[in-house]
file target_21.cif (mmCIF, C-alpha atoms; chains and numbers go by the auth columns)
data_query
loop_
_atom_site.group_PDB
_atom_site.id
_atom_site.type_symbol
_atom_site.label_atom_id
_atom_site.label_comp_id
_atom_site.label_asym_id
_atom_site.label_seq_id
_atom_site.Cartn_x
_atom_site.Cartn_y
_atom_site.Cartn_z
_atom_site.B_iso_or_equiv
_atom_site.auth_seq_id
_atom_site.auth_asym_id
ATOM 1 C CA MET A 1 -13.732 -27.096 -11.169 0.00 196 A
ATOM 2 C CA THR A 2 -13.648 -24.088 -8.847 0.00 197 A
ATOM 3 C CA THR A 3 -11.774 -23.621 -5.581 0.00 198 A
ATOM 4 C CA LEU A 4 -13.491 -21.689 -2.795 0.00 199 A
ATOM 5 C CA VAL A 5 -11.266 -19.876 -0.298 0.00 200 A
ATOM 6 C CA ILE A 6 -12.730 -18.304 2.846 0.00 201 A
ATOM 7 C CA ILE A 7 -10.344 -15.959 4.620 0.00 202 A
ATOM 8 C CA ALA A 8 -11.085 -15.802 8.329 0.00 203 A
ATOM 9 C CA LYS A 9 -9.590 -15.363 11.780 0.00 204 A
ATOM 10 C CA GLN A 10 -10.243 -16.874 15.184 0.00 205 A
ATOM 11 C CA CYS A 11 -13.023 -14.960 16.871 0.00 206 A
ATOM 12 C CA LEU A 12 -11.400 -13.773 20.093 0.00 207 A
ATOM 13 C CA PRO A 13 -12.505 -10.705 22.103 0.00 208 A
ATOM 14 C CA GLY A 14 -10.495 -7.678 21.100 0.00 209 A
ATOM 15 C CA ARG A 15 -9.304 -9.324 17.870 0.00 210 A
ATOM 16 C CA VAL A 16 -12.455 -9.168 15.750 0.00 211 A
ATOM 17 C CA LYS A 17 -15.247 -6.679 15.106 0.00 212 A
ATOM 18 C CA THR A 18 -13.802 -4.102 17.493 0.00 213 A
ATOM 19 C CA ARG A 19 -15.773 -1.336 15.772 0.00 214 A
ATOM 20 C CA LEU A 20 -18.937 -2.846 17.270 0.00 215 A
ATOM 21 C CA HIS A 21 -17.596 -1.823 20.712 0.00 216 A
ATOM 22 C CA PRO A 22 -19.382 0.142 22.046 0.00 217 A
ATOM 23 C CA PRO A 23 -22.307 -0.474 22.290 0.00 218 A
ATOM 24 C CA PHE A 24 -21.467 -4.197 22.241 0.00 219 A
ATOM 25 C CA SER A 25 -18.857 -5.561 24.600 0.00 220 A
ATOM 26 C CA LEU A 26 -15.718 -7.001 23.025 0.00 221 A
ATOM 27 C CA ALA A 27 -16.893 -10.469 24.063 0.00 222 A
ATOM 28 C CA ASP A 28 -20.260 -9.960 22.353 0.00 223 A
ATOM 29 C CA ALA A 29 -18.547 -8.518 19.280 0.00 224 A
ATOM 30 C CA ALA A 30 -16.518 -11.748 19.087 0.00 225 A
ATOM 31 C CA ARG A 31 -19.741 -13.778 19.346 0.00 226 A
ATOM 32 C CA ILE A 32 -21.199 -11.797 16.453 0.00 227 A
ATOM 33 C CA ALA A 33 -18.054 -12.386 14.405 0.00 228 A
ATOM 34 C CA HIS A 34 -18.232 -16.125 15.054 0.00 229 A
ATOM 35 C CA ALA A 35 -21.901 -16.120 14.080 0.00 230 A
ATOM 36 C CA SER A 36 -21.060 -14.326 10.841 0.00 231 A
ATOM 37 C CA LEU A 37 -18.378 -16.904 10.053 0.00 232 A
ATOM 38 C CA THR A 38 -20.792 -19.735 10.870 0.00 233 A
ATOM 39 C CA ASP A 39 -23.437 -18.325 8.520 0.00 234 A
ATOM 40 C CA THR A 40 -20.816 -17.815 5.827 0.00 235 A
ATOM 41 C CA LEU A 41 -19.648 -21.424 6.098 0.00 236 A
ATOM 42 C CA ASN A 42 -23.223 -22.712 6.090 0.00 237 A
ATOM 43 C CA ALA A 43 -24.069 -20.673 3.008 0.00 238 A
ATOM 44 C CA ALA A 44 -20.872 -21.778 1.282 0.00 239 A
ATOM 45 C CA ASP A 45 -21.866 -25.405 1.828 0.00 240 A
ATOM 46 C CA THR A 46 -24.620 -24.907 -0.757 0.00 241 A
ATOM 47 C CA LEU A 47 -22.115 -23.878 -3.435 0.00 242 A
ATOM 48 C CA PRO A 48 -20.703 -26.611 -5.718 0.00 243 A
ATOM 49 C CA ALA A 49 -17.026 -25.915 -5.043 0.00 244 A
ATOM 50 C CA THR A 50 -14.660 -28.734 -5.962 0.00 245 A
ATOM 51 C CA ARG A 51 -12.143 -27.673 -3.333 0.00 246 A
ATOM 52 C CA ARG A 52 -12.685 -25.761 -0.091 0.00 247 A
ATOM 53 C CA ILE A 53 -9.951 -23.914 1.788 0.00 248 A
ATOM 54 C CA LEU A 54 -10.206 -22.026 5.071 0.00 249 A
ATOM 55 C CA PHE A 55 -7.388 -19.477 5.001 0.00 250 A
ATOM 56 C CA PHE A 56 -7.184 -19.069 8.744 0.00 251 A
ATOM 57 C CA GLU A 57 -5.484 -16.863 11.317 0.00 252 A
ATOM 58 C CA GLY A 58 -5.578 -18.495 14.724 0.00 253 A
ATOM 59 C CA ASP A 59 -5.063 -21.720 16.613 0.00 254 A
ATOM 60 C CA GLU A 60 -8.577 -23.218 16.673 0.00 255 A
ATOM 61 C CA PRO A 61 -10.489 -23.378 13.363 0.00 256 A
ATOM 62 C CA PRO A 62 -14.274 -23.451 13.776 0.00 257 A
ATOM 63 C CA VAL A 63 -15.845 -26.899 13.934 0.00 258 A
ATOM 64 C CA GLU A 64 -18.151 -25.864 11.088 0.00 259 A
ATOM 65 C CA ALA A 65 -15.108 -25.939 8.777 0.00 260 A
ATOM 66 C CA SER A 66 -14.285 -29.603 9.415 0.00 261 A
ATOM 67 C CA ASP A 67 -14.619 -30.380 5.687 0.00 262 A
ATOM 68 C CA TYR A 68 -12.180 -27.633 4.684 0.00 263 A
ATOM 69 C CA GLU A 69 -8.471 -27.718 4.112 0.00 264 A
ATOM 70 C CA VAL A 70 -7.147 -25.330 6.764 0.00 265 A
ATOM 71 C CA TRP A 71 -4.258 -23.200 5.547 0.00 266 A
ATOM 72 C CA PRO A 72 -2.583 -20.931 8.108 0.00 267 A
ATOM 73 C CA GLN A 73 -2.205 -17.328 7.048 0.00 268 A
ATOM 74 C CA PRO A 74 1.418 -16.183 6.776 0.00 269 A
ATOM 75 C CA GLN A 75 2.787 -13.007 8.292 0.00 270 A
ATOM 76 C CA GLY A 76 2.383 -9.807 6.319 0.00 271 A
ATOM 77 C CA SER A 77 -0.183 -7.223 5.307 0.00 272 A
ATOM 78 C CA LEU A 78 -3.605 -8.311 4.108 0.00 273 A
ATOM 79 C CA ASP A 79 -2.793 -7.773 0.429 0.00 274 A
ATOM 80 C CA GLU A 80 0.326 -9.916 0.802 0.00 275 A
ATOM 81 C CA ARG A 81 -1.598 -12.692 2.531 0.00 276 A
ATOM 82 C CA ILE A 82 -4.336 -12.707 -0.105 0.00 277 A
ATOM 83 C CA GLY A 83 -1.666 -12.693 -2.784 0.00 278 A
ATOM 84 C CA SER A 84 -0.013 -15.725 -1.232 0.00 279 A
ATOM 85 C CA VAL A 85 -3.150 -17.835 -1.282 0.00 280 A
ATOM 86 C CA PHE A 86 -3.863 -16.978 -4.922 0.00 281 A
ATOM 87 C CA ASP A 87 -0.293 -17.932 -5.797 0.00 282 A
ATOM 88 C CA ALA A 88 -0.782 -21.287 -4.095 0.00 283 A
ATOM 89 C CA CYS A 89 -3.974 -22.154 -5.984 0.00 284 A
ATOM 90 C CA SER A 90 -4.514 -23.197 -9.572 0.00 285 A
ATOM 91 C CA GLY A 91 -7.546 -23.098 -11.802 0.00 286 A
ATOM 92 C CA PRO A 92 -10.611 -20.908 -11.180 0.00 287 A
ATOM 93 C CA THR A 93 -10.453 -19.688 -7.586 0.00 288 A
ATOM 94 C CA VAL A 94 -12.813 -17.444 -5.636 0.00 289 A
ATOM 95 C CA LEU A 95 -11.915 -15.806 -2.327 0.00 290 A
ATOM 96 C CA ILE A 96 -14.531 -14.448 0.055 0.00 291 A
ATOM 97 C CA GLY A 97 -14.389 -13.077 3.578 0.00 292 A
ATOM 98 C CA MET A 98 -16.234 -13.925 6.793 0.00 293 A
ATOM 99 C CA ASP A 99 -18.094 -10.621 7.062 0.00 294 A
ATOM 100 C CA THR A 100 -20.865 -11.117 4.475 0.00 295 A
ATOM 101 C CA PRO A 101 -23.017 -13.950 5.844 0.00 296 A
ATOM 102 C CA GLN A 102 -25.718 -13.060 3.309 0.00 297 A
ATOM 103 C CA ILE A 103 -23.818 -14.800 0.513 0.00 298 A
ATOM 104 C CA ALA A 104 -25.974 -17.272 -1.383 0.00 299 A
ATOM 105 C CA ALA A 105 -26.270 -18.997 -4.712 0.00 300 A
ATOM 106 C CA SER A 106 -28.275 -15.991 -5.870 0.00 301 A
ATOM 107 C CA ASN A 107 -25.282 -13.647 -5.610 0.00 302 A
ATOM 108 C CA LEU A 108 -22.307 -16.007 -5.990 0.00 303 A
ATOM 109 C CA GLY A 109 -23.610 -19.048 -7.834 0.00 304 A
ATOM 110 C CA CYS A 110 -22.586 -17.729 -11.255 0.00 305 A
ATOM 111 C CA VAL A 111 -18.916 -18.132 -10.273 0.00 306 A
ATOM 112 C CA PHE A 112 -19.480 -21.884 -9.992 0.00 307 A
ATOM 113 C CA GLU A 113 -21.133 -22.159 -13.388 0.00 308 A
ATOM 114 C CA PRO A 114 -19.343 -21.999 -16.761 0.00 309 A
ATOM 115 C CA TRP A 115 -17.993 -18.479 -17.028 0.00 310 A
ATOM 116 C CA PRO A 116 -19.111 -16.376 -20.006 0.00 311 A
ATOM 117 C CA GLN A 117 -16.609 -16.569 -22.823 0.00 312 A
ATOM 118 C CA GLY A 118 -13.672 -14.248 -22.313 0.00 313 A
ATOM 119 C CA THR A 119 -14.334 -13.670 -18.614 0.00 314 A
ATOM 120 C CA ASP A 120 -11.139 -13.616 -16.558 0.00 315 A
ATOM 121 C CA ALA A 121 -12.400 -12.421 -13.175 0.00 316 A
ATOM 122 C CA TRP A 122 -15.448 -11.784 -11.037 0.00 317 A
ATOM 123 C CA PHE A 123 -15.443 -8.872 -8.609 0.00 318 A
ATOM 124 C CA GLY A 124 -17.824 -8.424 -5.665 0.00 319 A
ATOM 125 C CA PRO A 125 -17.910 -4.820 -4.408 0.00 320 A
ATOM 126 C CA ALA A 126 -18.739 -4.060 -0.776 0.00 321 A
ATOM 127 C CA ALA A 127 -20.876 -1.145 0.346 0.00 322 A
ATOM 128 C CA ASP A 128 -18.021 0.269 2.435 0.00 323 A
ATOM 129 C CA GLY A 129 -15.789 0.660 -0.612 0.00 324 A
ATOM 130 C CA GLY A 130 -13.924 -2.620 -0.271 0.00 325 A
ATOM 131 C CA PHE A 131 -14.745 -5.956 -1.858 0.00 326 A
ATOM 132 C CA TRP A 132 -16.343 -9.128 -0.544 0.00 327 A
ATOM 133 C CA ALA A 133 -15.384 -11.531 -3.334 0.00 328 A
ATOM 134 C CA LEU A 134 -12.637 -11.894 -5.907 0.00 329 A
ATOM 135 C CA ALA A 135 -12.560 -14.750 -8.394 0.00 330 A
ATOM 136 C CA LEU A 136 -9.745 -15.331 -10.875 0.00 331 A
ATOM 137 C CA ALA A 137 -9.687 -17.824 -13.743 0.00 332 A
ATOM 138 C CA GLU A 138 -5.914 -17.951 -13.428 0.00 333 A
ATOM 139 C CA PRO A 139 -5.068 -16.966 -9.836 0.00 334 A
ATOM 140 C CA ARG A 140 -2.076 -14.630 -9.489 0.00 335 A
ATOM 141 C CA GLY A 141 -0.944 -12.974 -6.303 0.00 336 A
ATOM 142 C CA ASP A 142 0.556 -9.978 -8.082 0.00 337 A
ATOM 143 C CA LEU A 143 -2.968 -8.881 -9.022 0.00 338 A
ATOM 144 C CA VAL A 144 -3.598 -8.126 -5.329 0.00 339 A
ATOM 145 C CA ARG A 145 -0.234 -7.290 -3.781 0.00 340 A
ATOM 146 C CA GLY A 146 0.231 -3.574 -3.337 0.00 341 A
ATOM 147 C CA VAL A 147 -3.492 -2.773 -3.234 0.00 342 A
ATOM 148 C CA PRO A 148 -4.135 -0.702 -0.069 0.00 343 A
ATOM 149 C CA MET A 149 -6.645 -2.505 2.119 0.00 344 A
ATOM 150 C CA SER A 150 -9.374 -1.313 4.504 0.00 345 A
ATOM 151 C CA ARG A 151 -9.926 1.995 2.704 0.00 346 A
ATOM 152 C CA ARG A 152 -12.926 3.567 1.034 0.00 347 A
ATOM 153 C CA ASP A 153 -11.187 3.205 -2.327 0.00 348 A
ATOM 154 C CA THR A 154 -9.831 -0.329 -1.875 0.00 349 A
ATOM 155 C CA GLY A 155 -12.457 -1.849 -4.146 0.00 350 A
ATOM 156 C CA SER A 156 -12.029 0.649 -6.962 0.00 351 A
ATOM 157 C CA ILE A 157 -8.237 0.304 -6.830 0.00 352 A
ATOM 158 C CA GLN A 158 -8.459 -3.496 -6.844 0.00 353 A
ATOM 159 C CA ARG A 159 -10.873 -3.566 -9.774 0.00 354 A
ATOM 160 C CA LYS A 160 -8.724 -1.119 -11.727 0.00 355 A
ATOM 161 C CA ARG A 161 -5.696 -3.343 -11.061 0.00 356 A
ATOM 162 C CA LEU A 162 -7.513 -6.236 -12.733 0.00 357 A
ATOM 163 C CA VAL A 163 -8.592 -4.159 -15.717 0.00 358 A
ATOM 164 C CA ASP A 164 -5.136 -2.613 -16.140 0.00 359 A
ATOM 165 C CA ALA A 165 -3.712 -6.144 -16.250 0.00 360 A
ATOM 166 C CA GLY A 166 -5.879 -6.808 -19.299 0.00 361 A
ATOM 167 C CA LEU A 167 -8.495 -8.942 -17.560 0.00 362 A
ATOM 168 C CA GLN A 168 -12.143 -8.932 -18.559 0.00 363 A
ATOM 169 C CA VAL A 169 -13.989 -8.399 -15.276 0.00 364 A
ATOM 170 C CA ARG A 170 -17.621 -9.100 -14.464 0.00 365 A
ATOM 171 C CA ASP A 171 -19.274 -7.690 -11.358 0.00 366 A
ATOM 172 C CA LEU A 172 -21.180 -9.503 -8.646 0.00 367 A
ATOM 173 C CA PRO A 173 -23.923 -7.787 -6.601 0.00 368 A
ATOM 174 C CA GLU A 174 -22.806 -5.295 -3.971 0.00 369 A
ATOM 175 C CA LEU A 175 -23.030 -6.654 -0.406 0.00 370 A
ATOM 176 C CA THR A 176 -22.631 -5.094 3.027 0.00 371 A
ATOM 177 C CA ASP A 177 -19.785 -6.180 5.318 0.00 372 A
ATOM 178 C CA ILE A 178 -20.489 -6.387 9.039 0.00 373 A
ATOM 179 C CA ASP A 179 -18.125 -3.747 10.378 0.00 374 A
ATOM 180 C CA THR A 180 -20.175 -1.183 12.285 0.00 375 A
ATOM 181 C CA VAL A 181 -23.431 -1.245 14.223 0.00 376 A
ATOM 182 C CA ARG A 182 -25.218 0.329 11.266 0.00 377 A
ATOM 183 C CA SER A 183 -23.930 -2.276 8.826 0.00 378 A
ATOM 184 C CA LEU A 184 -24.792 -5.040 11.312 0.00 379 A
ATOM 185 C CA GLU A 185 -28.360 -3.742 11.477 0.00 380 A
ATOM 186 C CA ASP A 186 -28.523 -3.704 7.675 0.00 381 A
ATOM 187 C CA VAL A 187 -27.316 -7.300 7.366 0.00 382 A
ATOM 188 C CA VAL A 188 -29.682 -8.565 10.076 0.00 383 A
ATOM 189 C CA SER A 189 -32.636 -6.811 8.418 0.00 384 A
ATOM 190 C CA HIS A 190 -31.923 -8.707 5.194 0.00 385 A
ATOM 191 C CA LEU A 191 -31.015 -11.953 6.968 0.00 386 A
ATOM 192 C CA PRO A 192 -33.541 -12.273 9.814 0.00 387 A
ATOM 193 C CA VAL A 193 -33.288 -16.078 9.984 0.00 388 A
ATOM 194 C CA SER A 194 -29.594 -16.583 10.637 0.00 389 A
ATOM 195 C CA THR A 195 -27.064 -17.284 13.355 0.00 390 A
ATOM 196 C CA VAL A 196 -26.060 -13.613 13.336 0.00 391 A
ATOM 197 C CA ALA A 197 -29.639 -12.434 13.865 0.00 392 A
ATOM 198 C CA HIS A 198 -30.148 -15.004 16.624 0.00 393 A
ATOM 199 C CA ILE A 199 -26.990 -13.959 18.493 0.00 394 A
ATOM 200 C CA VAL A 200 -27.802 -10.245 18.219 0.00 395 A
ATOM 201 C CA ASP A 201 -31.310 -10.911 19.522 0.00 396 A
ATOM 202 C CA GLU A 202 -29.931 -12.995 22.396 0.00 397 A
ATOM 203 C CA ILE A 203 -27.439 -10.279 23.352 0.00 398 A
ATOM 204 C CA GLN A 204 -30.147 -7.618 23.296 0.00 399 A
ATOM 205 C CA ARG A 205 -32.547 -9.738 25.350 0.00 400 A
ATOM 206 C CA THR A 206 -29.855 -10.383 27.950 0.00 401 A
ATOM 207 C CA ALA A 207 -29.043 -6.673 28.165 0.00 402 A
ATOM 208 C CA ALA A 208 -32.723 -5.799 28.574 0.00 403 A
ATOM 209 C CA THR A 209 -33.108 -8.395 31.342 0.00 404 A
ATOM 210 C CA GLU A 210 -30.103 -6.992 33.194 0.00 405 A
ATOM 211 C CA VAL A 211 -31.537 -3.459 33.003 0.00 406 A
ATOM 212 C CA VAL A 212 -34.884 -4.634 34.379 0.00 407 A
ATOM 213 C CA SER A 213 -33.078 -6.464 37.187 0.00 408 A
ATOM 214 C CA LEU A 214 -31.132 -3.362 38.191 0.00 409 A
ATOM 215 C CA ARG A 215 -34.345 -1.319 38.253 0.00 410 A
ATOM 216 C CA SER A 216 -36.201 -3.835 40.459 0.00 411 A
ATOM 217 C CA PRO A 217 -36.618 -3.215 44.233 0.00 412 A
ATOM 218 C CA LEU A 218 -33.875 -5.742 44.926 0.00 413 A
ATOM 219 C CA GLY A 219 -31.608 -4.065 42.409 0.00 414 A
ATOM 220 C CA GLN A 220 -32.188 -0.671 44.009 0.00 415 A
ATOM 221 C CA GLY A 221 -30.520 -1.943 47.141 0.00 416 A
ATOM 222 C CA LEU A 222 -27.297 -2.799 45.368 0.00 417 A
ATOM 223 C CA PRO A 223 -24.273 -0.571 46.001 0.00 418 A
ATOM 224 C CA SER A 224 -23.477 1.816 43.176 0.00 419 A
#
call {"tool": "encode", "arguments": {"input": "target_21.cif", "output": "structure tokens"}}
result
Amino acid sequence: MTTLVIIAKQCLPGRVKTRLHPPFSLADAARIAHASLTDTLNAADTLPATRRILFFEGDEPPVEASDYEVWPQPQGSLDERIGSVFDACSGPTVLIGMDTPQIAASNLGCVFEPWPQGTDAWFGPAADGGFWALALAEPRGDLVRGVPMSRRDTGSIQRKRLVDAGLQVRDLPELTDIDTVRSLEDVVSHLPVSTVAHIVDEIQRTAATEVVSLRSPLGQGLPS
């Protein structure tokens, strides 16, 4: 009996993945974000969660989350919002983000199996120093509130918070969040058959076509 929470936001230009701009436009960065969320939801569908919650910021949840309970995110900093959703859940609960579409049963499935005796939490570190997953046998918001987010030491501080609270913590594999162009390239290289890879390829093909068009004889006659 495990609850899966995916924390996500509506993928609007200028609101998501802004560090991909440039070289991507803000509109294309939003398309990549939506693709990442789509892949995350599709991957999560293979996990045997007994309850699924989309912890959402925005007005229009993605159609791919039609089977999820949609909970609006409250106001406040990210640590406060994460804390609130853990407070509202009971029983084993795992929270993941929308930026690691490479999640799969191979790196998260153990959370949905009987936990090893004495295990209180699972922690998934991210390559950028944050974390991509946090699972608690007994969810408590105070285990997250006050942890500084979006820093190189966020993950280490969060894990230490769990240990200092007396929890026995087991680690999940490290994954890469899609935040920068370099991290996007890394994720696509490990996930070549995915919505994210398809969208990136489509964007690049469109850009290449536009360059060829501008260099054609007709394009040379266009005003600069």
call {"tool": "resolve_selection", "arguments": {"input": "target_21.cif", "expression": "the PyMOL selection byres ((chain A and resi 392-400) around 9)", "output": "ChimeraX atom specification"}}
result
/A:219,223,226-227,230,382-384,386-391,401-405
call {"tool": "closest_residue", "arguments": {"input": "target_21.cif", "among": "A:Pro287, A:Gly271, A:Gly324, A:Gly350", "to": "Phe307 in chain A", "atoms": "all atoms listed in the file"}}
result
A:Pro287
call {"tool": "residues_around", "arguments": {"input": "target_21.cif", "residues": "Asn237 in chain A", "least_positions_apart": "3", "cutoff": "10 Å", "atoms": "only C-alpha atoms", "output": "ChimeraX atom specification"}}
result
/A:231-234,240-242,259-260,296,298-299,389-390
call {"tool": "atom_distance", "arguments": {"input": "target_21.cif", "atom1": "CA of Cys305 in chain A", "atom2": "CA of Trp317 in chain A"}}
result
9.3 Å
call {"tool": "closest_residue", "arguments": {"input": "target_21.cif", "among": "A:Pro311, A:Val306, A:Lys204, A:Pro218", "to": "Pro257 in chain A", "atoms": "all atoms listed in the file"}}
result
A:Lys204
call {"tool": "closest_residue", "arguments": {"input": "target_21.cif", "among": "A:Met344, A:Val280, A:Ile373, A:Leu362", "to": "Ile201 in chain A", "atoms": "all atoms listed in the file"}}
result
A:Val280
call {"tool": "atom_distance", "arguments": {"input": "target_21.cif", "atom1": "CA of Val200 in chain A", "atom2": "CA of Gly341 in chain A"}}
result
20.2 Å
call {"tool": "residues_around", "arguments": {"input": "target_21.cif", "residues": "Thr349 in chain A", "least_positions_apart": "2", "cutoff": "10 Å", "atoms": "all atoms listed in the file", "output": "ChimeraX atom specification"}}
result
/A:320-321,323-326,342-347,351-355
call {"tool": "axis_aligned_box", "arguments": {"input": "target_21.cif", "around": "range 294-299 of chain A", "padding_each_side": "5 Å", "output": "JSON"}}
result
{"center_x": -22.0, "center_y": -13.9, "center_z": 2.8, "size_x": 17.9, "size_y": 16.7, "size_z": 18.4}
call {"tool": "residues_near_point", "arguments": {"input": "target_21.cif", "point": "(-6.4, -17.6, -9.3)", "cutoff": "7 Å", "atoms": "only C-alpha atoms", "output": "VMD selection string"}}
result
chain A and resid 281 284 to 288 330 to 335
call {"tool": "write_last_selection", "arguments": {"input": "target_21.cif", "atoms": "C-alpha atoms", "output": "PDB file, in the frame of the given file"}}
result
ATOM      1  CA  PHE A 281      -3.863 -16.978  -4.922  1.00  0.00           C
ATOM      2  CA  CYS A 284      -3.974 -22.154  -5.984  1.00  0.00           C
ATOM      3  CA  SER A 285      -4.514 -23.197  -9.572  1.00  0.00           C
ATOM      4  CA  GLY A 286      -7.546 -23.098 -11.802  1.00  0.00           C
ATOM      5  CA  PRO A 287     -10.611 -20.908 -11.180  1.00  0.00           C
ATOM      6  CA  THR A 288     -10.453 -19.688  -7.586  1.00  0.00           C
ATOM      7  CA  ALA A 330     -12.560 -14.750  -8.394  1.00  0.00           C
ATOM      8  CA  LEU A 331      -9.745 -15.331 -10.875  1.00  0.00           C
ATOM      9  CA  ALA A 332      -9.687 -17.824 -13.743  1.00  0.00           C
ATOM     10  CA  GLU A 333      -5.914 -17.951 -13.428  1.00  0.00           C
ATOM     11  CA  PRO A 334      -5.068 -16.966  -9.836  1.00  0.00           C
ATOM     12  CA  ARG A 335      -2.076 -14.630  -9.489  1.00  0.00           C
TER      13      ARG A 335
END
call {"tool": "atom_distance", "arguments": {"input": "target_21.cif", "atom1": "CA of Asp381 in chain A", "atom2": "CA of Thr295 in chain A"}}
result
11.1 Å
call {"tool": "closest_residue", "arguments": {"input": "target_21.cif", "among": "A:Ala328, A:Val289, A:Ile202, A:Leu236", "to": "Arg276 in chain A", "atoms": "all atoms listed in the file"}}
result
A:Ile202
call {"tool": "closest_residue", "arguments": {"input": "target_21.cif", "among": "A:His216, A:Arg377, A:Arg246, A:His229", "to": "Met293 in chain A", "atoms": "only C-alpha atoms"}}
result
A:His229
call {"tool": "decode", "arguments": {"input": "target_21.cif", "residues": "range 250-266 of chain A", "atoms": "C-alpha atoms", "output": "PDB file, in the first residue's frame"}}
result
ATOM      1  CA  PHE A 250       0.521  17.726  -6.729  1.00  0.00           C
ATOM      2  CA  PHE A 251      -0.037  20.431  -9.296  1.00  0.00           C
ATOM      3  CA  GLU A 252       0.640  24.129  -9.785  1.00  0.00           C
ATOM      4  CA  GLY A 253      -1.524  25.514 -12.555  1.00  0.00           C
ATOM      5  CA  ASP A 254      -5.009  25.589 -14.000  1.00  0.00           C
ATOM      6  CA  GLU A 255      -4.905  22.764 -16.569  1.00  0.00           C
ATOM      7  CA  PRO A 256      -3.522  19.384 -15.427  1.00  0.00           C
ATOM      8  CA  PRO A 257      -2.125  17.258 -18.261  1.00  0.00           C
ATOM      9  CA  VAL A 258      -4.564  14.826 -19.849  1.00  0.00           C
ATOM     10  CA  GLU A 259      -2.067  12.037 -19.164  1.00  0.00           C
ATOM     11  CA  ALA A 260      -2.865  12.420 -15.447  1.00  0.00           C
ATOM     12  CA  SER A 261      -6.585  11.690 -15.820  1.00  0.00           C
ATOM     13  CA  ASP A 262      -6.303   8.747 -13.396  1.00  0.00           C
ATOM     14  CA  TYR A 263      -4.652  10.862 -10.694  1.00  0.00           C
ATOM     15  CA  GLU A 264      -6.121  12.768  -7.813  1.00  0.00           C
ATOM     16  CA  VAL A 265      -5.146  16.365  -8.588  1.00  0.00           C
ATOM     17  CA  TRP A 266      -4.177  18.347  -5.506  1.00  0.00           C
TER      18      TRP A 266
END
